[in-house]
file my_file.tsv (TSV, N, CA and C atoms)
chain	number	residue	atom	x	y	z
A	1	MET	N	-40.46	-36.78	-23.39
A	1	MET	CA	-41.17	-36.25	-22.25
A	1	MET	C	-42.01	-35.06	-22.70
A	2	ARG	N	-43.28	-35.10	-22.34
A	2	ARG	CA	-44.21	-34.05	-22.74
A	2	ARG	C	-44.43	-33.08	-21.57
A	3	LEU	N	-44.03	-31.83	-21.77
A	3	LEU	CA	-44.06	-30.83	-20.72
A	3	LEU	C	-45.20	-29.85	-20.93
A	4	LEU	N	-45.80	-29.42	-19.82
A	4	LEU	CA	-46.79	-28.35	-19.83
A	4	LEU	C	-46.31	-27.28	-18.85
A	5	PHE	N	-46.12	-26.06	-19.34
A	5	PHE	CA	-45.71	-24.94	-18.51
A	5	PHE	C	-46.93	-24.08	-18.21
A	6	LEU	N	-47.12	-23.76	-16.94
A	6	LEU	CA	-48.27	-22.97	-16.52
A	6	LEU	C	-47.86	-21.69	-15.81
A	7	CYS	N	-48.53	-20.61	-16.16
A	7	CYS	CA	-48.52	-19.37	-15.39
A	7	CYS	C	-49.87	-18.72	-15.64
A	8	VAL	N	-50.14	-17.62	-15.00
A	8	VAL	CA	-51.49	-17.07	-15.03
A	8	VAL	C	-51.91	-16.60	-16.43
A	9	ALA	N	-51.17	-15.68	-17.03
A	9	ALA	CA	-51.58	-15.08	-18.30
A	9	ALA	C	-51.10	-15.83	-19.53
A	10	ASN	N	-50.20	-16.79	-19.35
A	10	ASN	CA	-49.59	-17.49	-20.49
A	10	ASN	C	-49.08	-16.48	-21.51
A	11	SER	N	-48.36	-15.49	-20.99
A	11	SER	CA	-47.87	-14.42	-21.86
A	11	SER	C	-46.36	-14.27	-21.86
A	12	ALA	N	-45.69	-14.68	-20.80
A	12	ALA	CA	-44.25	-14.42	-20.70
A	12	ALA	C	-43.47	-15.67	-20.28
A	13	ARG	N	-43.47	-15.97	-18.97
A	13	ARG	CA	-42.66	-17.09	-18.47
A	13	ARG	C	-42.99	-18.39	-19.18
A	14	SER	N	-44.27	-18.74	-19.23
A	14	SER	CA	-44.65	-20.02	-19.83
A	14	SER	C	-44.41	-20.05	-21.34
A	15	GLN	N	-44.58	-18.91	-21.99
A	15	GLN	CA	-44.31	-18.84	-23.44
A	15	GLN	C	-42.81	-19.02	-23.71
A	16	MET	N	-41.98	-18.35	-22.90
A	16	MET	CA	-40.53	-18.51	-23.07
A	16	MET	C	-40.12	-19.95	-22.77
A	17	ALA	N	-40.72	-20.54	-21.72
A	17	ALA	CA	-40.39	-21.92	-21.37
A	17	ALA	C	-40.76	-22.89	-22.49
A	18	GLU	N	-41.92	-22.68	-23.09
A	18	GLU	CA	-42.34	-23.54	-24.19
A	18	GLU	C	-41.35	-23.46	-25.35
A	19	ALA	N	-40.98	-22.26	-25.75
A	19	ALA	CA	-40.04	-22.10	-26.87
A	19	ALA	C	-38.67	-22.68	-26.54
A	20	LEU	N	-38.18	-22.42	-25.34
A	20	LEU	CA	-36.87	-22.94	-24.94
A	20	LEU	C	-36.90	-24.47	-24.89
A	21	ALA	N	-37.95	-25.04	-24.31
A	21	ALA	CA	-38.05	-26.50	-24.20
A	21	ALA	C	-38.09	-27.15	-25.57
A	22	ARG	N	-38.87	-26.58	-26.47
A	22	ARG	CA	-38.93	-27.13	-27.83
A	22	ARG	C	-37.56	-27.09	-28.51
A	23	SER	N	-36.83	-26.00	-28.27
A	23	SER	CA	-35.50	-25.88	-28.88
A	23	SER	C	-34.53	-26.93	-28.34
A	24	MET	N	-34.83	-27.48	-27.17
A	24	MET	CA	-33.99	-28.52	-26.54
A	24	MET	C	-34.52	-29.92	-26.83
A	25	GLY	N	-35.55	-30.01	-27.67
A	25	GLY	CA	-36.05	-31.31	-28.08
A	25	GLY	C	-37.21	-31.85	-27.27
A	26	PHE	N	-37.72	-31.09	-26.33
A	26	PHE	CA	-38.89	-31.53	-25.57
A	26	PHE	C	-40.17	-31.28	-26.37
A	27	ASP	N	-41.17	-32.08	-26.12
A	27	ASP	CA	-42.53	-31.83	-26.61
A	27	ASP	C	-43.13	-30.92	-25.55
A	28	ALA	N	-43.41	-29.66	-25.89
A	28	ALA	CA	-43.81	-28.69	-24.87
A	28	ALA	C	-45.05	-27.91	-25.28
A	29	GLN	N	-45.86	-27.57	-24.27
A	29	GLN	CA	-47.03	-26.73	-24.40
A	29	GLN	C	-47.00	-25.73	-23.25
A	30	SER	N	-47.82	-24.70	-23.38
A	30	SER	CA	-47.98	-23.76	-22.27
A	30	SER	C	-49.42	-23.29	-22.22
A	31	ALA	N	-49.84	-22.85	-21.03
A	31	ALA	CA	-51.21	-22.38	-20.85
A	31	ALA	C	-51.28	-21.56	-19.57
A	32	GLY	N	-52.46	-20.95	-19.38
A	32	GLY	CA	-52.68	-20.15	-18.18
A	32	GLY	C	-54.14	-20.15	-17.78
A	33	SER	N	-54.42	-19.60	-16.60
A	33	SER	CA	-55.80	-19.53	-16.11
A	33	SER	C	-56.51	-18.26	-16.57
A	34	ALA	N	-55.74	-17.26	-16.96
A	34	ALA	CA	-56.31	-16.00	-17.47
A	34	ALA	C	-55.48	-15.57	-18.67
A	35	PRO	N	-55.56	-16.34	-19.78
A	35	PRO	CA	-54.71	-16.05	-20.93
A	35	PRO	C	-54.95	-14.66	-21.50
A	36	SER	N	-53.86	-14.08	-22.00
A	36	SER	CA	-53.97	-12.74	-22.57
A	36	SER	C	-53.39	-12.72	-23.98
A	37	ARG	N	-52.10	-12.47	-24.09
A	37	ARG	CA	-51.40	-12.44	-25.38
A	37	ARG	C	-49.94	-12.75	-25.11
A	38	VAL	N	-49.21	-13.12	-26.14
A	38	VAL	CA	-47.78	-13.32	-25.98
A	38	VAL	C	-47.15	-11.94	-25.81
A	39	ASN	N	-46.44	-11.76	-24.72
A	39	ASN	CA	-45.84	-10.47	-24.42
A	39	ASN	C	-44.72	-10.17	-25.42
A	40	PRO	N	-44.73	-8.98	-26.04
A	40	PRO	CA	-43.69	-8.64	-27.02
A	40	PRO	C	-42.28	-8.68	-26.42
A	41	LEU	N	-42.14	-8.43	-25.13
A	41	LEU	CA	-40.82	-8.51	-24.51
A	41	LEU	C	-40.34	-9.95	-24.39
A	42	ALA	N	-41.26	-10.90	-24.22
A	42	ALA	CA	-40.89	-12.31	-24.24
A	42	ALA	C	-40.39	-12.68	-25.63
A	43	THR	N	-41.10	-12.20	-26.65
A	43	THR	CA	-40.69	-12.43	-28.03
A	43	THR	C	-39.30	-11.84	-28.28
A	44	GLU	N	-39.07	-10.63	-27.80
A	44	GLU	CA	-37.78	-9.97	-27.99
A	44	GLU	C	-36.66	-10.71	-27.26
A	45	ALA	N	-36.90	-11.14	-26.03
A	45	ALA	CA	-35.88	-11.87	-25.27
A	45	ALA	C	-35.54	-13.20	-25.93
A	46	LEU	N	-36.52	-13.87	-26.48
A	46	LEU	CA	-36.27	-15.13	-27.18
A	46	LEU	C	-35.52	-14.90	-28.49
A	47	ALA	N	-35.87	-13.84	-29.20
A	47	ALA	CA	-35.19	-13.54	-30.47
A	47	ALA	C	-33.70	-13.32	-30.24
A	48	GLU	N	-33.34	-12.79	-29.10
A	48	GLU	CA	-31.92	-12.56	-28.79
A	48	GLU	C	-31.12	-13.86	-28.76
A	49	VAL	N	-31.79	-14.99	-28.50
A	49	VAL	CA	-31.10	-16.28	-28.47
A	49	VAL	C	-31.54	-17.16	-29.66
A	50	GLY	N	-32.08	-16.51	-30.68
A	50	GLY	CA	-32.40	-17.19	-31.93
A	50	GLY	C	-33.69	-17.99	-31.92
A	51	LEU	N	-34.59	-17.71	-30.99
A	51	LEU	CA	-35.86	-18.43	-30.93
A	51	LEU	C	-37.02	-17.51	-31.28
A	52	SER	N	-38.11	-18.13	-31.72
A	52	SER	CA	-39.27	-17.37	-32.17
A	52	SER	C	-40.52	-17.81	-31.42
A	53	THR	N	-41.44	-16.88	-31.29
A	53	THR	CA	-42.76	-17.22	-30.75
A	53	THR	C	-43.80	-17.24	-31.88
A	54	ALA	N	-43.34	-17.26	-33.11
A	54	ALA	CA	-44.27	-17.33	-34.25
A	54	ALA	C	-45.17	-18.56	-34.07
A	55	GLY	N	-46.44	-18.36	-34.21
A	55	GLY	CA	-47.39	-19.44	-34.05
A	55	GLY	C	-47.83	-19.66	-32.61
A	56	HIS	N	-47.18	-19.02	-31.66
A	56	HIS	CA	-47.59	-19.15	-30.26
A	56	HIS	C	-48.83	-18.30	-30.00
A	57	THR	N	-49.73	-18.82	-29.22
A	57	THR	CA	-50.89	-18.05	-28.77
A	57	THR	C	-51.05	-18.30	-27.27
A	58	SER	N	-51.67	-17.37	-26.62
A	58	SER	CA	-51.97	-17.51	-25.21
A	58	SER	C	-53.21	-18.39	-25.07
A	59	LYS	N	-53.08	-19.50	-24.32
A	59	LYS	CA	-54.16	-20.50	-24.25
A	59	LYS	C	-54.63	-20.70	-22.81
A	60	HIS	N	-55.90	-21.07	-22.67
A	60	HIS	CA	-56.44	-21.41	-21.36
A	60	HIS	C	-56.08	-22.85	-21.02
A	61	VAL	N	-55.80	-23.09	-19.77
A	61	VAL	CA	-55.39	-24.42	-19.32
A	61	VAL	C	-56.45	-25.48	-19.63
A	62	ASP	N	-57.71	-25.08	-19.68
A	62	ASP	CA	-58.78	-26.04	-19.99
A	62	ASP	C	-58.69	-26.59	-21.41
A	63	ARG	N	-57.91	-25.94	-22.27
A	63	ARG	CA	-57.77	-26.41	-23.66
A	63	ARG	C	-56.72	-27.50	-23.82
A	64	ILE	N	-55.99	-27.81	-22.74
A	64	ILE	CA	-54.92	-28.80	-22.81
A	64	ILE	C	-55.47	-30.18	-22.45
A	65	ALA	N	-55.27	-31.14	-23.32
A	65	ALA	CA	-55.73	-32.51	-23.07
A	65	ALA	C	-54.84	-33.17	-22.02
A	66	PRO	N	-55.42	-33.68	-20.94
A	66	PRO	CA	-54.62	-34.30	-19.88
A	66	PRO	C	-53.71	-35.42	-20.37
A	67	ASP	N	-54.15	-36.17	-21.38
A	67	ASP	CA	-53.32	-37.28	-21.87
A	67	ASP	C	-52.19	-36.82	-22.78
A	68	SER	N	-52.04	-35.50	-22.97
A	68	SER	CA	-50.94	-34.98	-23.79
A	68	SER	C	-49.79	-34.47	-22.94
A	69	VAL	N	-49.85	-34.74	-21.61
A	69	VAL	CA	-48.88	-34.18	-20.68
A	69	VAL	C	-48.30	-35.26	-19.78
A	70	ASP	N	-46.97	-35.23	-19.60
A	70	ASP	CA	-46.30	-36.09	-18.62
A	70	ASP	C	-45.90	-35.31	-17.38
A	71	VAL	N	-45.41	-34.09	-17.59
A	71	VAL	CA	-44.88	-33.27	-16.49
A	71	VAL	C	-45.50	-31.88	-16.56
A	72	VAL	N	-46.05	-31.42	-15.43
A	72	VAL	CA	-46.61	-30.07	-15.31
A	72	VAL	C	-45.61	-29.23	-14.53
A	73	ILE	N	-45.19	-28.11	-15.12
A	73	ILE	CA	-44.23	-27.22	-14.48
A	73	ILE	C	-44.89	-25.86	-14.28
A	74	THR	N	-45.06	-25.47	-13.02
A	74	THR	CA	-45.63	-24.17	-12.71
A	74	THR	C	-44.50	-23.15	-12.56
A	75	LEU	N	-44.77	-21.94	-13.04
A	75	LEU	CA	-43.77	-20.88	-13.03
A	75	LEU	C	-44.19	-19.68	-12.19
A	76	CYS	N	-45.35	-19.76	-11.57
A	76	CYS	CA	-45.89	-18.65	-10.78
A	76	CYS	C	-45.09	-18.47	-9.49
A	77	ALA	N	-44.98	-17.24	-9.06
A	77	ALA	CA	-44.31	-16.95	-7.80
A	77	ALA	C	-45.27	-16.26	-6.85
A	78	GLU	N	-45.59	-15.01	-7.15
A	78	GLU	CA	-46.44	-14.22	-6.26
A	78	GLU	C	-47.93	-14.37	-6.53
A	79	GLU	N	-48.30	-15.00	-7.62
A	79	GLU	CA	-49.69	-15.17	-7.97
A	79	GLU	C	-50.09	-16.64	-7.84
A	80	SER	N	-51.39	-16.90	-7.89
A	80	SER	CA	-51.89	-18.28	-7.80
A	80	SER	C	-51.83	-18.93	-9.17
A	81	CYS	N	-51.10	-20.02	-9.26
A	81	CYS	CA	-50.93	-20.70	-10.53
A	81	CYS	C	-52.20	-21.49	-10.90
A	82	PRO	N	-52.42	-21.67	-12.19
A	82	PRO	CA	-53.55	-22.49	-12.62
A	82	PRO	C	-53.42	-23.92	-12.12
A	83	VAL	N	-54.54	-24.58	-12.01
A	83	VAL	CA	-54.57	-25.98	-11.60
A	83	VAL	C	-54.74	-26.83	-12.86
A	84	PHE	N	-53.97	-27.91	-12.94
A	84	PHE	CA	-54.11	-28.86	-14.03
A	84	PHE	C	-54.34	-30.21	-13.40
A	85	LEU	N	-55.53	-30.75	-13.62
A	85	LEU	CA	-55.91	-31.99	-12.97
A	85	LEU	C	-55.30	-33.20	-13.67
A	86	GLY	N	-55.14	-34.25	-12.90
A	86	GLY	CA	-54.62	-35.49	-13.45
A	86	GLY	C	-53.41	-35.95	-12.67
A	87	ASP	N	-53.03	-37.17	-12.95
A	87	ASP	CA	-51.90	-37.79	-12.27
A	87	ASP	C	-50.63	-37.56	-13.09
A	88	HIS	N	-49.99	-36.40	-12.85
A	88	HIS	CA	-48.80	-36.02	-13.59
A	88	HIS	C	-47.67	-35.70	-12.61
A	89	THR	N	-46.46	-35.86	-13.06
A	89	THR	CA	-45.33	-35.36	-12.29
A	89	THR	C	-45.44	-33.84	-12.27
A	90	ARG	N	-45.21	-33.24	-11.11
A	90	ARG	CA	-45.34	-31.79	-10.97
A	90	ARG	C	-44.04	-31.19	-10.45
A	91	LEU	N	-43.63	-30.11	-11.10
A	91	LEU	CA	-42.45	-29.35	-10.68
A	91	LEU	C	-42.87	-27.90	-10.50
A	92	ASN	N	-42.30	-27.25	-9.50
A	92	ASN	CA	-42.58	-25.84	-9.27
A	92	ASN	C	-41.29	-25.06	-9.48
A	93	TRP	N	-41.26	-24.30	-10.55
A	93	TRP	CA	-40.11	-23.45	-10.87
A	93	TRP	C	-40.50	-21.99	-10.66
A	94	ALA	N	-40.95	-21.67	-9.47
A	94	ALA	CA	-41.46	-20.33	-9.17
A	94	ALA	C	-40.43	-19.25	-9.49
A	95	MET	N	-40.91	-18.24	-10.22
A	95	MET	CA	-40.07	-17.07	-10.50
A	95	MET	C	-40.97	-15.87	-10.71
A	96	PRO	N	-40.49	-14.70	-10.32
A	96	PRO	CA	-41.32	-13.49	-10.44
A	96	PRO	C	-41.70	-13.21	-11.89
A	97	ASP	N	-42.87	-12.62	-12.05
A	97	ASP	CA	-43.32	-12.21	-13.37
A	97	ASP	C	-42.36	-11.15	-13.90
A	98	PRO	N	-41.72	-11.38	-15.04
A	98	PRO	CA	-40.75	-10.42	-15.55
A	98	PRO	C	-41.37	-9.13	-16.06
A	99	ASP	N	-42.68	-9.11	-16.26
A	99	ASP	CA	-43.31	-7.94	-16.86
A	99	ASP	C	-43.25	-6.71	-15.96
A	100	ARG	N	-43.32	-6.90	-14.66
A	100	ARG	CA	-43.21	-5.79	-13.70
A	100	ARG	C	-44.12	-4.62	-14.08
A	101	LYS	N	-45.36	-4.91	-14.42
A	101	LYS	CA	-46.31	-3.88	-14.87
A	101	LYS	C	-46.49	-2.75	-13.86
A	102	HIS	N	-46.33	-3.07	-12.59
A	102	HIS	CA	-46.55	-2.08	-11.54
A	102	HIS	C	-45.35	-1.14	-11.34
A	103	GLU	N	-44.25	-1.39	-12.04
A	103	GLU	CA	-43.05	-0.57	-11.90
A	103	GLU	C	-42.85	0.32	-13.12
A	104	GLU	N	-42.37	1.52	-12.88
A	104	GLU	CA	-42.03	2.44	-13.98
A	104	GLU	C	-40.59	2.13	-14.40
A	105	LEU	N	-40.44	1.47	-15.53
A	105	LEU	CA	-39.13	1.05	-16.00
A	105	LEU	C	-38.94	1.45	-17.46
A	106	THR	N	-37.69	1.65	-17.84
A	106	THR	CA	-37.39	1.86	-19.25
A	106	THR	C	-37.57	0.54	-19.98
A	107	HIS	N	-37.65	0.61	-21.28
A	107	HIS	CA	-37.76	-0.61	-22.08
A	107	HIS	C	-36.59	-1.55	-21.79
A	108	GLU	N	-35.40	-1.01	-21.75
A	108	GLU	CA	-34.20	-1.83	-21.51
A	108	GLU	C	-34.23	-2.48	-20.12
A	109	ALA	N	-34.65	-1.72	-19.12
A	109	ALA	CA	-34.73	-2.29	-17.76
A	109	ALA	C	-35.78	-3.38	-17.69
A	110	ARG	N	-36.91	-3.17	-18.35
A	110	ARG	CA	-37.97	-4.18	-18.38
A	110	ARG	C	-37.49	-5.43	-19.12
A	111	LEU	N	-36.82	-5.23	-20.25
A	111	LEU	CA	-36.28	-6.36	-21.02
A	111	LEU	C	-35.27	-7.15	-20.20
A	112	ALA	N	-34.51	-6.48	-19.37
A	112	ALA	CA	-33.52	-7.16	-18.52
A	112	ALA	C	-34.21	-8.20	-17.63
A	113	HIS	N	-35.39	-7.91	-17.11
A	113	HIS	CA	-36.13	-8.87	-16.29
A	113	HIS	C	-36.55	-10.09	-17.11
A	114	PHE	N	-36.90	-9.87	-18.37
A	114	PHE	CA	-37.25	-10.99	-19.25
A	114	PHE	C	-36.02	-11.85	-19.54
A	115	ARG	N	-34.87	-11.22	-19.69
A	115	ARG	CA	-33.64	-11.98	-19.92
A	115	ARG	C	-33.31	-12.86	-18.72
A	116	VAL	N	-33.48	-12.32	-17.53
A	116	VAL	CA	-33.20	-13.09	-16.31
A	116	VAL	C	-34.13	-14.31	-16.25
A	117	ALA	N	-35.41	-14.11	-16.51
A	117	ALA	CA	-36.37	-15.22	-16.51
A	117	ALA	C	-36.02	-16.24	-17.59
A	118	ARG	N	-35.72	-15.76	-18.79
A	118	ARG	CA	-35.36	-16.65	-19.90
A	118	ARG	C	-34.17	-17.52	-19.52
A	119	ASP	N	-33.14	-16.90	-18.99
A	119	ASP	CA	-31.92	-17.63	-18.66
A	119	ASP	C	-32.13	-18.61	-17.51
A	120	ALA	N	-32.96	-18.23	-16.52
A	120	ALA	CA	-33.26	-19.13	-15.41
A	120	ALA	C	-34.04	-20.35	-15.91
A	121	ILE	N	-34.98	-20.13	-16.79
A	121	ILE	CA	-35.76	-21.25	-17.35
A	121	ILE	C	-34.84	-22.15	-18.16
A	122	ALA	N	-33.99	-21.57	-18.98
A	122	ALA	CA	-33.07	-22.36	-19.80
A	122	ALA	C	-32.17	-23.23	-18.93
A	123	GLU	N	-31.68	-22.68	-17.83
A	123	GLU	CA	-30.81	-23.45	-16.94
A	123	GLU	C	-31.57	-24.61	-16.31
A	124	ARG	N	-32.79	-24.35	-15.87
A	124	ARG	CA	-33.59	-25.43	-15.27
A	124	ARG	C	-33.90	-26.52	-16.31
A	125	LEU	N	-34.13	-26.12	-17.54
A	125	LEU	CA	-34.36	-27.11	-18.59
A	125	LEU	C	-33.10	-27.94	-18.85
A	126	ARG	N	-31.94	-27.29	-18.82
A	126	ARG	CA	-30.68	-28.05	-19.00
A	126	ARG	C	-30.51	-29.10	-17.88
A	127	VAL	N	-30.82	-28.70	-16.65
A	127	VAL	CA	-30.73	-29.63	-15.52
A	127	VAL	C	-31.73	-30.77	-15.69
A	128	LEU	N	-32.96	-30.45	-16.09
A	128	LEU	CA	-33.97	-31.46	-16.31
A	128	LEU	C	-33.54	-32.43	-17.41
A	129	SER	N	-33.03	-31.90	-18.50
A	129	SER	CA	-32.58	-32.73	-19.61
A	129	SER	C	-31.44	-33.66	-19.19
A	130	ALA	N	-30.53	-33.14	-18.40
A	130	ALA	CA	-29.38	-33.94	-17.95
A	130	ALA	C	-29.81	-35.05	-16.98
A	131	SER	N	-30.95	-34.87	-16.32
A	131	SER	CA	-31.39	-35.88	-15.34
A	131	SER	C	-32.16	-37.02	-15.99
A	132	LEU	N	-32.44	-36.91	-17.27
A	132	LEU	CA	-33.23	-37.96	-17.94
A	132	LEU	C	-32.38	-39.14	-18.35
call {"tool": "encode", "arguments": {"input": "my_file.tsv", "output": "structure tokens"}}
result
Amino acid sequence: MRLLFLCVANSARSQMAEALARSMGFDAQSAGSAPSRVNPLATEALAEVGLSTAGHTSKHVDRIAPDSVDVVITLCAEESCPVFLGDHTRLNWAMPDPDRKHEELTHEARLAHFRVARDAIAERLRVLSASL
């Protein structure tokens, strides 16, 4: 099953989802409508569970070939998720952006939000894998 994870910046949720999905044997990609960079806190949260974002880049959704995707999974909650055209199975795993840029938080408190997102994505992937 070929998965595409979408969020706006393709910096945190979708990057973590891509790495987690690949570690579970899925063919996975991620993209966004306003790509930026892979968030260092996403990298740190993944490293805690033995995963790497080495080689990951933030990509625009227009760079993804429609025929390379079976399932589109959106991760946006409070923002408008990118649109990916085509006849694909679609899942909405809405969750808040863990970056919390608008909040004054310590590094540890900010990282805690990334851990929550990472673990929620991992659980949803386990459920998806078990349903196949």
call {"tool": "axis_aligned_box", "arguments": {"input": "my_file.tsv", "around": "segment 108-123 of chain A", "padding_each_side": "3 Å", "output": "JSON"}}
result
{"center_x": -34.4, "center_y": -12.8, "center_z": -18.6, "size_x": 13.2, "size_y": 29.6, "size_z": 12.3}
call {"tool": "select_by_dssp", "arguments": {"input": "my_file.tsv", "residues": "chain A", "states": "helix (DSSP H, G or I)", "output": "VMD selection string"}}
result
chain A and resid 13 to 23 40 to 47 61 to 63 66 to 68 107 to 130
call {"tool": "residues_near_point", "arguments": {"input": "my_file.tsv", "point": "(-54.8, -14.5, -15.9)", "cutoff": "8 Å", "atoms": "only C-alpha atoms", "output": "PyMOL selection string"}}
result
chain A and resi 7-10+32-36
call {"tool": "write_last_selection", "arguments": {"input": "my_file.tsv", "atoms": "N, CA and C atoms", "output": "CSV table (one decimal), in the coordinates of the input"}}
result
chain,number,residue,atom,x,y,z
A,7,CYS,N,-48.5,-20.6,-16.2
A,7,CYS,CA,-48.5,-19.4,-15.4
A,7,CYS,C,-49.9,-18.7,-15.6
A,8,VAL,N,-50.1,-17.6,-15.0
A,8,VAL,CA,-51.5,-17.1,-15.0
A,8,VAL,C,-51.9,-16.6,-16.4
A,9,ALA,N,-51.2,-15.7,-17.0
A,9,ALA,CA,-51.6,-15.1,-18.3
A,9,ALA,C,-51.1,-15.8,-19.5
A,10,ASN,N,-50.2,-16.8,-19.4
A,10,ASN,CA,-49.6,-17.5,-20.5
A,10,ASN,C,-49.1,-16.5,-21.5
A,32,GLY,N,-52.5,-21.0,-19.4
A,32,GLY,CA,-52.7,-20.2,-18.2
A,32,GLY,C,-54.1,-20.2,-17.8
A,33,SER,N,-54.4,-19.6,-16.6
A,33,SER,CA,-55.8,-19.5,-16.1
A,33,SER,C,-56.5,-18.3,-16.6
A,34,ALA,N,-55.7,-17.3,-17.0
A,34,ALA,CA,-56.3,-16.0,-17.5
A,34,ALA,C,-55.5,-15.6,-18.7
A,35,PRO,N,-55.6,-16.3,-19.8
A,35,PRO,CA,-54.7,-16.0,-20.9
A,35,PRO,C,-55.0,-14.7,-21.5
A,36,SER,N,-53.9,-14.1,-22.0
A,36,SER,CA,-54.0,-12.7,-22.6
A,36,SER,C,-53.4,-12.7,-24.0
call {"tool": "closest_residue", "arguments": {"input": "my_file.tsv", "among": "A:Leu3, A:Ala130, A:Leu85, A:Ala12", "to": "Asp97 of chain A", "atoms": "all atoms listed in the file"}}
result
A:Ala12
call {"tool": "closest_residue", "arguments": {"input": "my_file.tsv", "among": "A:Leu6, A:Val127, A:Val116, A:Val49", "to": "Pro82 of chain A", "atoms": "all atoms listed in the file"}}
result
A:Leu6
call {"tool": "atom_distance", "arguments": {"input": "my_file.tsv", "atom1": "atom CA of Leu132 of chain A", "atom2": "atom CA of Arg2 of chain A"}}
result
12.6 Å
call {"tool": "select_by_dssp", "arguments": {"input": "my_file.tsv", "residues": "segment 31-129 of chain A", "states": "strand (DSSP E)", "output": "list in words"}}
result
Ala31, Val71, Val72, Ile73, Thr74, Thr89, Arg90, Leu91 and Asn92 of chain A
call {"tool": "residues_around", "arguments": {"input": "my_file.tsv", "residues": "Met1 of chain A", "least_positions_apart": "5", "cutoff": "6.5 Å", "atoms": "all atoms listed in the file", "output": "list in words"}}
result
Phe26, Asp27, Ala28, Asp70 and Val71 of chain A
call {"tool": "closest_residue", "arguments": {"input": "my_file.tsv", "among": "A:Leu4, A:Met95, A:Ala45, A:Ala19", "to": "Ala112 of chain A", "atoms": "only C-alpha atoms"}}
result
A:Ala45
call {"tool": "atom_distance", "arguments": {"input": "my_file.tsv", "atom1": "atom C of Val83 of chain A", "atom2": "atom N of Ser11 of chain A"}}
result
15.3 Å
call {"tool": "atom_distance", "arguments": {"input": "my_file.tsv", "atom1": "atom CA of Leu128 of chain A", "atom2": "atom CA of Ser14 of chain A"}}
result
16.0 Å
call {"tool": "residues_around", "arguments": {"input": "my_file.tsv", "residues": "Thr74 of chain A", "least_positions_apart": "2", "cutoff": "7 Å", "atoms": "all atoms listed in the file", "output": "ChimeraX atom specification"}}
result
/A:4-7,72,76-77,81,90-95
call {"tool": "closest_residue", "arguments": {"input": "my_file.tsv", "among": "A:Ala31, A:Ala21, A:Ala122, A:Leu111", "to": "Arg63 of chain A", "atoms": "all atoms listed in the file"}}
result
A:Ala31
call {"tool": "closest_residue", "arguments": {"input": "my_file.tsv", "among": "A:Leu105, A:Arg37, A:Ser30, A:Thr89", "to": "Glu18 of chain A", "atoms": "all atoms listed in the file"}}
result
A:Ser30
call {"tool": "closest_residue", "arguments": {"input": "my_file.tsv", "among": "A:Asp67, A:Glu123, A:Glu104, A:Asp62", "to": "Asp87 of chain A", "atoms": "only C-alpha atoms"}}
result
A:Asp67
call {"tool": "residues_near_point", "arguments": {"input": "my_file.tsv", "point": "(-37.9, -8.5, -16.0)", "cutoff": "5 Å", "atoms": "all atoms listed in the file", "output": "MDAnalysis selection string"}}
result
chainID A and resid 98:99 110 112:114
